[in-house]
Every structure is written in structure tokens, then in C-alpha cells.
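Here's final.tsv, which has TSV, C-alpha atoms:
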```tsv
chain	number	residue	atom	x	y	z
A	1	MET	CA	100.42	85.90	104.00
A	2	CYS	CA	99.43	85.61	100.38
A	3	GLY	CA	101.77	87.57	98.17
A	4	ARG	CA	101.69	85.72	94.88
A	5	THR	CA	99.11	83.79	92.87
A	6	ALA	CA	98.71	82.21	89.44
A	7	CYS	CA	95.67	82.40	87.17
A	8	THR	CA	96.24	81.03	83.69
A	9	LEU	CA	92.77	80.28	82.30
A	10	ALA	CA	91.42	82.30	79.38
A	11	PRO	CA	88.46	84.66	80.01
A	12	ASP	CA	85.87	82.22	78.62
A	13	GLU	CA	87.37	79.39	80.69
A	14	ILE	CA	87.15	81.55	83.81
A	15	GLN	CA	83.40	81.85	83.14
A	16	LYS	CA	83.00	78.10	82.83
A	17	ALA	CA	85.19	77.35	85.85
A	18	SER	CA	83.25	79.77	88.08
A	19	SER	CA	79.73	78.60	87.22
A	20	TYR	CA	77.49	78.57	90.28
A	21	ARG	CA	74.03	77.64	91.56
A	22	ASP	CA	71.68	80.41	92.63
A	23	ARG	CA	69.24	80.21	95.54
A	24	THR	CA	66.86	78.09	93.46
A	25	GLY	CA	69.58	75.57	92.63
A	26	GLN	CA	69.81	76.57	88.97
A	27	ARG	CA	73.34	76.46	87.55
A	28	ARG	CA	74.41	79.72	85.96
A	29	ARG	CA	77.53	80.98	84.23
A	30	PRO	CA	78.60	84.51	85.30
A	31	GLN	CA	79.11	87.17	82.68
A	32	TRP	CA	82.00	89.61	82.70
A	33	LYS	CA	81.35	93.17	83.84
A	34	ASP	CA	81.37	95.48	80.82
A	35	GLY	CA	84.91	95.80	79.44
A	36	ASP	CA	86.56	93.78	82.21
A	37	GLU	CA	87.09	90.69	80.06
A	38	ASP	CA	89.63	92.68	78.02
A	39	LYS	CA	91.39	93.98	81.15
A	40	TYR	CA	92.11	90.50	82.50
A	41	ARG	CA	95.56	89.05	81.70
A	42	PRO	CA	96.35	85.39	82.51
A	43	SER	CA	99.61	84.95	84.40
A	44	TYR	CA	101.70	82.27	86.09
A	45	ASN	CA	103.01	84.82	88.58
A	46	LYS	CA	100.64	87.53	89.83
A	47	SER	CA	101.81	89.94	92.53
A	48	PRO	CA	100.12	92.83	94.38
A	49	GLN	CA	99.21	95.76	92.13
A	50	SER	CA	98.42	93.35	89.27
A	51	SER	CA	94.83	92.58	88.26
A	52	SER	CA	92.93	89.36	88.90
A	53	PRO	CA	89.49	87.90	88.13
A	54	VAL	CA	87.04	88.35	90.99
A	55	LEU	CA	83.56	86.91	91.47
A	56	LEU	CA	80.93	89.03	93.23
A	57	SER	CA	77.21	89.80	93.40
A	58	LYS	CA	75.89	91.71	90.39
A	59	ARG	CA	73.85	93.82	92.81
A	60	HIS	CA	76.99	95.88	93.48
A	61	PHE	CA	76.82	97.22	89.92
A	62	ASN	CA	73.09	96.99	89.23
A	63	LYS	CA	70.70	97.67	92.09
A	64	GLU	CA	67.91	95.92	90.16
A	65	ALA	CA	69.82	92.63	89.83
A	66	PRO	CA	69.04	89.70	92.15
A	67	VAL	CA	71.53	89.65	95.03
A	68	ASP	CA	72.39	86.00	94.28
A	69	GLU	CA	73.27	86.71	90.64
A	70	CYS	CA	77.05	86.74	90.18
A	71	VAL	CA	79.31	88.66	87.82
A	72	LEU	CA	83.02	88.52	87.00
A	73	ALA	CA	85.17	91.64	87.33
A	74	THR	CA	88.85	92.44	86.91
A	75	MET	CA	90.17	94.18	90.02
A	76	ARG	CA	93.57	95.39	91.16
A	77	TRP	CA	95.20	93.57	94.07
A	78	GLY	CA	95.66	95.89	97.06
A	79	LEU	CA	92.57	97.58	98.47
A	80	VAL	CA	92.30	101.36	98.06
A	81	PRO	CA	89.61	102.61	100.49
A	82	ALA	CA	86.82	104.73	99.07
A	83	TRP	CA	87.71	107.47	101.57
A	84	PHE	CA	91.35	107.79	100.38
A	85	ARG	CA	91.78	111.42	99.30
A	86	GLU	CA	95.10	111.45	97.44
A	87	ASN	CA	95.07	111.65	93.64
A	88	ASP	CA	97.54	108.77	93.35
A	89	PRO	CA	96.55	105.48	95.05
A	90	SER	CA	100.20	104.39	95.09
A	91	LYS	CA	100.78	107.00	97.81
A	92	MET	CA	99.06	104.83	100.41
A	93	GLN	CA	101.38	104.45	103.39
A	94	TYR	CA	100.56	100.84	104.23
A	95	SER	CA	99.98	97.54	102.45
A	96	THR	CA	96.41	96.32	101.91
A	97	SER	CA	97.09	93.27	99.76
A	98	ASN	CA	96.22	91.06	102.77
A	99	CYS	CA	93.98	91.61	105.79
A	100	ARG	CA	93.84	89.42	108.88
A	101	SER	CA	90.38	87.97	109.58
A	102	GLU	CA	90.83	88.75	113.29
A	103	GLY	CA	91.10	92.49	112.60
A	104	LEU	CA	88.45	93.09	109.99
A	105	LEU	CA	86.23	95.03	112.40
A	106	GLU	CA	89.11	97.01	113.88
A	107	LYS	CA	90.48	98.82	110.83
A	108	LYS	CA	88.35	101.31	108.93
A	109	SER	CA	89.88	100.28	105.58
A	110	TYR	CA	88.30	96.82	105.96
A	111	LYS	CA	85.41	97.45	108.34
A	112	ASP	CA	83.61	99.80	105.94
A	113	PRO	CA	83.49	97.42	102.93
A	114	LEU	CA	82.70	94.47	105.20
A	115	LEU	CA	79.66	96.14	106.75
A	116	LYS	CA	78.52	97.31	103.31
A	117	GLY	CA	78.50	93.69	102.11
A	118	GLN	CA	81.36	94.26	99.66
A	119	ARG	CA	82.52	90.66	99.76
A	120	CYS	CA	84.17	88.97	96.79
A	121	VAL	CA	85.87	85.74	95.77
A	122	ILE	CA	89.35	85.93	94.24
A	123	LEU	CA	89.86	83.21	91.60
A	124	ALA	CA	93.25	81.58	91.07
A	125	ASP	CA	94.85	78.34	89.90
A	126	GLY	CA	96.61	78.48	93.27
A	127	PHE	CA	98.93	80.62	95.36
A	128	TYR	CA	102.62	80.57	96.23
A	129	GLU	CA	104.10	80.54	99.70
A	130	TRP	CA	107.70	80.42	100.92
A	131	ARG	CA	109.17	78.23	103.65
A	132	ARG	CA	112.07	79.82	105.51
A	133	GLN	CA	115.22	77.71	105.55
A	134	GLU	CA	118.70	78.23	106.95
A	135	LYS	CA	120.14	80.06	103.96
A	136	ASP	CA	117.19	80.77	101.69
A	137	LYS	CA	113.47	80.22	101.15
A	138	GLN	CA	111.78	77.32	99.34
A	139	PRO	CA	108.67	78.33	97.36
A	140	PHE	CA	105.60	76.07	97.14
A	141	PHE	CA	102.55	76.13	94.87
A	142	ILE	CA	99.32	75.51	96.83
A	143	TYR	CA	96.01	74.59	95.21
A	144	PHE	CA	92.86	72.46	95.37
A	145	PRO	CA	93.40	68.72	94.76
A	146	GLN	CA	92.46	67.98	91.15
A	147	SER	CA	90.56	65.06	89.70
A	148	GLN	CA	92.56	62.71	87.46
A	149	GLU	CA	90.63	64.05	84.46
A	150	ALA	CA	91.39	67.70	85.17
A	151	PRO	CA	94.02	69.24	82.87
A	152	GLY	CA	96.88	71.27	84.26
A	153	PRO	CA	97.00	75.03	83.74
A	154	ASN	CA	97.36	75.99	80.08
A	155	THR	CA	97.04	72.45	78.70
A	156	LYS	CA	93.89	73.04	76.71
A	157	GLN	CA	95.76	72.52	73.43
A	158	ILE	CA	96.57	68.89	74.26
A	159	LEU	CA	93.03	67.84	75.09
A	160	ASN	CA	90.70	66.09	72.71
A	161	SER	CA	88.00	68.63	71.87
A	162	ASP	CA	85.40	65.92	72.37
A	163	LEU	CA	86.02	66.14	76.12
A	164	ASN	CA	84.88	69.75	76.24
A	165	PHE	CA	81.75	69.83	74.10
A	166	LEU	CA	79.42	69.63	77.11
A	167	GLU	CA	81.00	72.69	78.70
A	168	ASP	CA	79.31	74.93	76.15
A	169	GLU	CA	76.04	74.26	77.93
A	170	GLU	CA	75.39	76.70	80.76
A	171	ASP	CA	73.97	74.03	83.06
A	172	SER	CA	76.97	71.69	82.63
A	173	GLU	CA	79.69	71.44	85.26
A	174	TRP	CA	83.26	72.49	84.53
A	175	THR	CA	85.59	69.48	84.22
A	176	GLY	CA	88.86	71.40	83.86
A	177	TRP	CA	91.24	72.82	86.45
A	178	ARG	CA	89.39	73.55	89.71
A	179	LEU	CA	90.09	77.15	90.62
A	180	LEU	CA	91.00	78.09	94.16
A	181	THR	CA	88.27	80.30	95.65
A	182	ILE	CA	89.63	82.83	98.15
A	183	ALA	CA	87.53	85.09	100.37
A	184	GLY	CA	88.19	88.80	99.93
A	185	LEU	CA	86.79	92.31	100.33
A	186	PHE	CA	86.67	94.98	97.64
A	187	ASP	CA	86.16	98.72	97.44
A	188	CYS	CA	85.66	101.35	94.77
A	189	TRP	CA	87.89	104.43	94.80
A	190	ALA	CA	87.18	107.51	92.70
A	191	PRO	CA	90.01	110.03	92.05
A	192	PRO	CA	89.22	113.31	93.92
A	193	GLY	CA	89.93	115.27	90.76
A	194	GLY	CA	87.63	113.10	88.66
A	195	GLY	CA	88.34	110.15	86.42
A	196	GLU	CA	87.62	106.44	86.09
A	197	ALA	CA	86.72	104.56	89.27
A	198	LEU	CA	89.25	101.98	90.46
A	199	TYR	CA	88.04	98.66	91.88
A	200	THR	CA	90.52	96.96	94.21
A	201	TYR	CA	90.49	93.99	96.58
A	202	THR	CA	92.27	92.50	99.57
A	203	VAL	CA	92.85	88.82	100.38
A	204	ILE	CA	91.57	87.77	103.82
A	205	THR	CA	94.02	85.57	105.73
A	206	VAL	CA	93.60	83.14	108.65
A	207	ASN	CA	95.89	80.92	110.71
A	208	ALA	CA	97.48	78.22	108.58
A	209	SER	CA	95.85	74.80	108.54
A	210	PRO	CA	97.83	71.90	110.07
A	211	ASN	CA	99.05	70.67	106.69
A	212	LEU	CA	100.50	74.10	105.80
A	213	GLN	CA	102.01	75.10	109.14
A	214	THR	CA	105.42	73.75	108.14
A	215	ILE	CA	105.45	76.29	105.28
A	216	HIS	CA	103.93	79.42	106.87
A	217	ASP	CA	101.80	80.41	109.86
A	218	ARG	CA	99.14	82.17	107.73
A	219	MET	CA	97.08	81.24	104.68
A	220	PRO	CA	94.29	82.78	102.57
A	221	ALA	CA	90.73	82.16	103.78
A	222	ILE	CA	89.60	79.39	101.43
A	223	LEU	CA	85.95	78.89	100.47
A	224	ASP	CA	85.54	75.17	99.84
A	225	GLY	CA	82.67	74.33	97.51
A	226	GLU	CA	79.83	76.10	95.74
A	227	GLU	CA	77.67	76.53	98.84
A	228	GLU	CA	80.39	78.38	100.75
A	229	VAL	CA	81.05	80.61	97.73
A	230	ARG	CA	77.31	81.33	97.37
A	231	ARG	CA	76.88	82.23	101.04
A	232	TRP	CA	79.96	84.45	101.11
A	233	LEU	CA	78.74	86.44	98.09
A	234	ASP	CA	75.04	86.60	99.07
A	235	PHE	CA	75.22	89.63	101.37
A	236	GLY	CA	71.41	89.86	101.35
A	237	GLU	CA	70.91	86.46	102.98
A	238	VAL	CA	74.17	86.20	104.97
A	239	LYS	CA	74.92	89.28	107.07
A	240	SER	CA	78.45	90.44	107.80
A	241	LEU	CA	78.90	89.00	111.31
A	242	GLU	CA	77.55	85.64	110.17
A	243	ALA	CA	79.85	85.68	107.14
A	244	LEU	CA	82.87	86.15	109.41
A	245	LYS	CA	82.23	82.71	110.88
A	246	MET	CA	83.01	81.21	107.47
A	247	LEU	CA	86.62	82.40	107.64
A	248	GLN	CA	88.27	79.28	109.00
A	249	SER	CA	91.54	77.43	108.45
A	250	LYS	CA	90.96	74.57	106.00
A	251	SER	CA	93.12	71.57	105.11
A	252	CYS	CA	91.40	71.11	101.74
A	253	VAL	CA	94.48	72.10	99.72
A	254	THR	CA	97.55	70.28	98.48
A	255	PHE	CA	100.97	71.58	97.45
A	256	HIS	CA	104.34	70.88	95.84
A	257	PRO	CA	107.73	72.64	95.81
A	258	VAL	CA	108.52	74.85	92.83
A	259	SER	CA	111.54	76.62	91.39
A	260	SER	CA	112.94	79.84	92.87
A	261	LEU	CA	112.15	81.30	89.44
A	262	VAL	CA	108.86	82.46	90.96
A	263	ASN	CA	110.72	84.65	93.45
A	264	ASN	CA	110.98	87.36	90.79
A	265	SER	CA	107.49	88.61	89.89
A	266	ARG	CA	108.73	89.50	86.40
A	267	ASN	CA	109.14	85.81	85.60
A	268	ASN	CA	105.95	84.62	83.96
A	269	SER	CA	106.20	81.13	82.48
A	270	PRO	CA	104.87	77.59	83.16
A	271	GLU	CA	108.14	76.78	84.93
A	272	CYS	CA	106.97	78.96	87.84
A	273	LEU	CA	104.49	76.34	89.02
A	274	GLN	CA	106.00	73.09	87.82
A	275	PRO	CA	107.10	70.60	90.54
A	276	VAL	CA	110.77	70.41	91.40
A	277	ASP	CA	112.84	68.21	93.70
A	278	PRO	CA	114.20	70.59	96.39
A	279	THR	CA	116.90	68.06	97.33
A	280	VAL	CA	118.62	68.41	93.96
A	281	LYS	CA	121.57	70.75	94.26
A	282	LYS	CA	121.13	73.87	92.16
A	283	THR	CA	123.85	75.07	89.80
A	284	SER	CA	124.50	78.77	90.15
A	285	ALA	CA	124.73	81.07	87.14
A	286	SER	CA	128.39	81.75	87.93
A	287	SER	CA	129.13	78.01	88.02
A	288	LYS	CA	127.50	77.57	84.62
A	289	MET	CA	129.53	80.43	83.19
A	290	MET	CA	132.77	79.06	84.61
A	291	ARG	CA	132.04	75.62	83.18
A	292	SER	CA	131.34	77.18	79.77
A	293	TRP	CA	134.53	79.20	79.96
A	294	LEU	CA	136.60	76.09	80.74
A	295	LYS	CA	135.11	74.36	77.71
A	296	THR	CA	135.35	77.15	75.16
A	297	GLY	CA	138.04	79.45	76.50
A	298	SER	CA	135.62	82.35	76.78
A	299	PRO	CA	132.47	82.99	78.80
A	300	VAL	CA	129.13	82.60	77.06
A	301	LYS	CA	127.11	85.62	76.22
A	302	ARG	CA	124.16	86.36	78.45
A	303	LYS	CA	120.99	84.82	77.08
A	304	GLU	CA	118.06	86.95	76.00
A	305	PRO	CA	115.01	86.70	78.29
A	306	GLU	CA	112.34	84.20	77.27
A	307	ASN	CA	109.86	86.91	76.40
A	308	SER	CA	112.32	88.67	74.08
A	309	GLU	CA	111.00	89.52	70.63
A	310	THR	CA	114.33	88.56	69.01
A	311	LYS	CA	113.59	86.58	65.87
A	312	GLY	CA	114.85	83.03	65.55
A	313	PRO	CA	116.36	81.39	62.49
A	314	GLU	CA	112.89	80.65	61.14
A	315	GLY	CA	111.71	84.24	61.50
A	316	LYS	CA	109.53	83.45	64.51
A	317	SER	CA	109.80	84.90	67.98
A	318	PRO	CA	110.22	82.37	70.84
A	319	SER	CA	106.68	83.11	72.04
A	320	GLN	CA	105.30	81.87	68.73
A	321	LYS	CA	106.88	78.44	68.98
A	322	GLN	CA	104.90	75.50	70.36
A	323	LYS	CA	106.30	74.53	73.76
A	324	PRO	CA	106.42	70.92	74.91
A	325	ILE	CA	104.18	69.76	77.73
A	326	GLY	CA	105.78	70.58	81.08
A	327	PRO	CA	106.23	68.27	84.10
A	328	LEU	CA	103.21	69.68	85.96
A	329	GLN	CA	100.89	69.07	83.03
A	330	GLN	CA	102.28	65.55	82.52
A	331	TRP	CA	101.87	64.77	86.20
A	332	LEU	CA	98.29	66.03	86.27
A	333	LEU	CA	97.42	63.94	83.24
A	334	GLY	CA	98.90	60.83	84.82
A	335	ASN	CA	101.86	60.60	82.44
A	336	SER	CA	104.62	61.53	84.90
A	337	SER	CA	106.53	59.35	87.31
A	338	SER	CA	107.26	62.28	89.61
A	339	LYS	CA	106.12	62.25	93.22
A	340	ARG	CA	102.57	63.11	94.15
A	341	PRO	CA	102.03	66.48	95.87
A	342	ARG	CA	101.58	66.54	99.60
A	343	SER	CA	98.27	67.11	101.28
```
What would the structure in this file look like if it were written as C-alpha cells?
Amino acid sequence: MCGRTACTLAPDEIQKASSYRDRTGQRRRPQWKDGDEDKYRPSYNKSPQSSSPVLLSKRHFNKEAPVDECVLATMRWGLVPAWFRENDPSKMQYSTSNCRSEGLLEKKSYKDPLLKGQRCVILADGFYEWRRQEKDKQPFFIYFPQSQEAPGPNTKQILNSDLNFLEDEEDSEWTGWRLLTIAGLFDCWAPPGGGEALYTYTVITVNASPNLQTIHDRMPAILDGEEEVRRWLDFGEVKSLEALKMLQSKSCVTFHPVSSLVNNSRNNSPECLQPVDPTVKKTSASSKMMRSWLKTGSPVKRKEPENSETKGPEGKSPSQKQKPIGPLQQWLLGNSSSKRPRS
């Protein structure tokens, strides 16, 4: 399973973070497909039906382009097959947000794009998975191990700009957050009655690696390193059946427990992916209200949501105020005493 991801980098940072080497070994920075840069929305909590940045061969959009030249596109999560004949893609009777690697050649929805070479790489800071417990589920954030120098998601504002000046050069390597690279398939659906084409994708899943089996029995098919990404996308050099061999369980990821805040896909804040201690007893909302009532003689009013546009005393909305650095960012920068994530 893979039912939730996070991708918080800005569009220009996505370009830098997904730089690649072509067949000749030259480092290149992918450009966004026309208009797709504006369609992409960073988020700490992406669910199926939302849009995500996807890396793929430019040949899919321009038949004259080299097959090893890559482009970035914004696609909707949940594959809609090209042969689907309803006017509304939401009328599909089954979920296509994930597809099992073992069944790619058995189901027409996935077999067709696979044999056409419609392979893509879904880019994310990481993904969320839930471990079943006796009474509830504990969510975890799973991602590539980061170098000590790599900033946490959305910490660009606290970095010295001198650290990033080399990243403006196309042949320089990205030194920020290493994005998780997930193998996927995409398709292009055109409404039968006419209208704009819709590009959608599905996440390919495999059996969980040994280090993740205590959380869930499935995981996304991870592409570890530039060479694996290049081979997965180069459908001219690597044919479909050969590409299937790349879909293996990999223990190249690490993880940490996060708050149940992420359970609700409408919650979109840094707290979704910050480390928590699952052994600390949680205080329920009703307990908080009772405690407040005992102190004041009346229950507190329900708080406005964080993304409310209610103006504060200074005339600014909460979203305009500078937030302090969160625990995840502090930990990644080496300033936190919290436990290291598990690998």
C-alpha cells in the first residue's frame, strides 16, 4: 500500500532535486511540461486524487525529443485508463492509486501503459504508512536517509544562501532534501465528449523490505539512485519485461513515527511529518475540554483551523506569520536531541 505522500519542495527546487545524467553522462536539469509548474501544489499530506510531480521521458510529449531526455509533469494520483469511456473519471468502479508489481501484465489498465513504455517516477519527500495496533494505527513517515548537510522539508528560509549558490549551475548536484523516487505507470485519458486530456499515474507496489515488514506487508517500488531512475524511464533502451526486473523490495529507506494528525488528509502542516514519541500518552480533545472547564467554569470555544483566514491582533492571518523551526527540521540539521530514525 501507498496511500499518502508528502512533497514540499517548490517547483524550482523540484527541478534541482531531480537533475539526472543522460546516456552520455551529462548532468541535466528537467524542465516542466508547459503549464504544469503552475498546477503543482506542495503539500505535507497528499492523498489519491491530488496532483504530484512526476518525472518521465520527454519523448511521450515530443516524438522528436531524445528518449533519454526527461521532463517534469504534474499528474493526478489514480490512473484513469485511456480506454475509459465515461465522461466523469470519478465514476471508475475500482481504485487505481496502487498496482501490484506481480499483476502488471494481468490487468488491462496497467498492461497497456506498461507495454507502451509509459513508465514514470513519482517524486516525494517520503510516504506515510500505518502500523496496525490493538486499538488504533500508528502512522510512520518513510523516506531516503539524508546527509547531515541536507535540510529538512521547507527549511530553505533558515539556510545561509551561500550554501546554495552552486545549485544554480545545471551541472551541479542537488545538496538539499533527497527526494524519494517511486516507480509508477501513467496514462492519458481524453473525455469522450471532448475537452482537456487528463494525465494520471499509479504507484507500483512490491512486498515490504525486511526493515518495513513490522509496519506493513507492502511498500512502493523504490528506484535507488540515478542509474535506476534513468533505466526505468528510458523505454527505448530498457524494454518492458526487462524493466519489471527492477521492481524489487529495497531496504534503502528509513522511518520515524509521526502524529495521527496525518490520518486526516485535510490536515496539511509540518506537524504531519515531524517525529513523535509513540509511547507518550495522548490527551484526548474531550480531556482537554474538561480540564479547561474545571479551571474556568466553562468549556473553551472550539479553535479555528490553522488555515483559517481570521485576522490576528496585528491584522495578519496565521499563515502570514513566521513559524518556528519544527522538531524534524532541527533533528535533520543536527540541533535536536531526539532519537534517530530507524533503518
- Residue with smallest distance to Trp232 (chain A) - pool A:Leu79, A:Leu105, A:Ile182, A:Ala17, counting all atoms listed in the file: A:Ile182
- Task: Return the single residue from A:Phe186, A:Tyr40, A:Trp32, A:Tyr201 that is closest to Ala10 (chain A), with distances computed using all atoms listed in the file.
- Result: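 Of A:Phe186, A:Tyr40, A:Trp32, A:Tyr201, the one nearest Ala10 (chain A), counting all atoms listed in the file, is A:Tyr40.
Comparing the minimum interatomic distances between Tyr44 (chain A) and each of A:Lys91, A:Arg4, A:Lys107, A:Lys137, counting only C-alpha atoms, we find that A:Arg4 sits nearest.
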- Message: One decimal, in Å: what's the spacing between CA of Ala183 (chain A) and CA of Pro275 (chain A)?
- Response: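 CA of Pro275 (chain A) lies at a distance of 26.3 Å from CA of Ala183 (chain A).
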- Minimum-distance residue to Thr181 (chain A), chosen among A:Asp136, A:Asp38, A:Glu196, A:Asp125 (using only C-alpha atoms):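 For Thr181 (chain A), the nearest of the candidates is A:Asp125.
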- Message: Please report the interatomic distance between CA of Ser260 (chain A) and CA of Thr214 (chain A) in Å with one decimal.
- Response: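 Going from CA of Ser260 (chain A) over to CA of Thr214 (chain A) covers 18.1 Å.
If you look at CA of Thr8 (chain A) and CA of Glu226 (chain A), they are 20.9 Å away from each other.
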- Within 6 Å of (81.2, 81.1, 81.9), in the coordinates the file gives, what residues turn up when you count only C-alpha atoms, written out as an MDAnalysis selection string? chainID A and resid 12 15:16 29:30
- Task: Please return, as a VMD selection string, all polymer residues that have at least one atom within 12 Å of the point (81.8, 94.3, 87.4); use all atoms listed in the file and the file's own coordinate frame.
- Result: chain A and resid 30 to 37 39 53 to 62 69 to 75 120 186 to 188 197 to 200
- Task: Please provide the set of residues having any atom within 6 Å of region 204-211 of chain A, restricted to all atoms listed in the file, with same-chain residues fewer than 2 positions apart removed, written as a PyMOL selection string.
- Result: chain A and resi 98-101+183-184+213+217-221+249-251
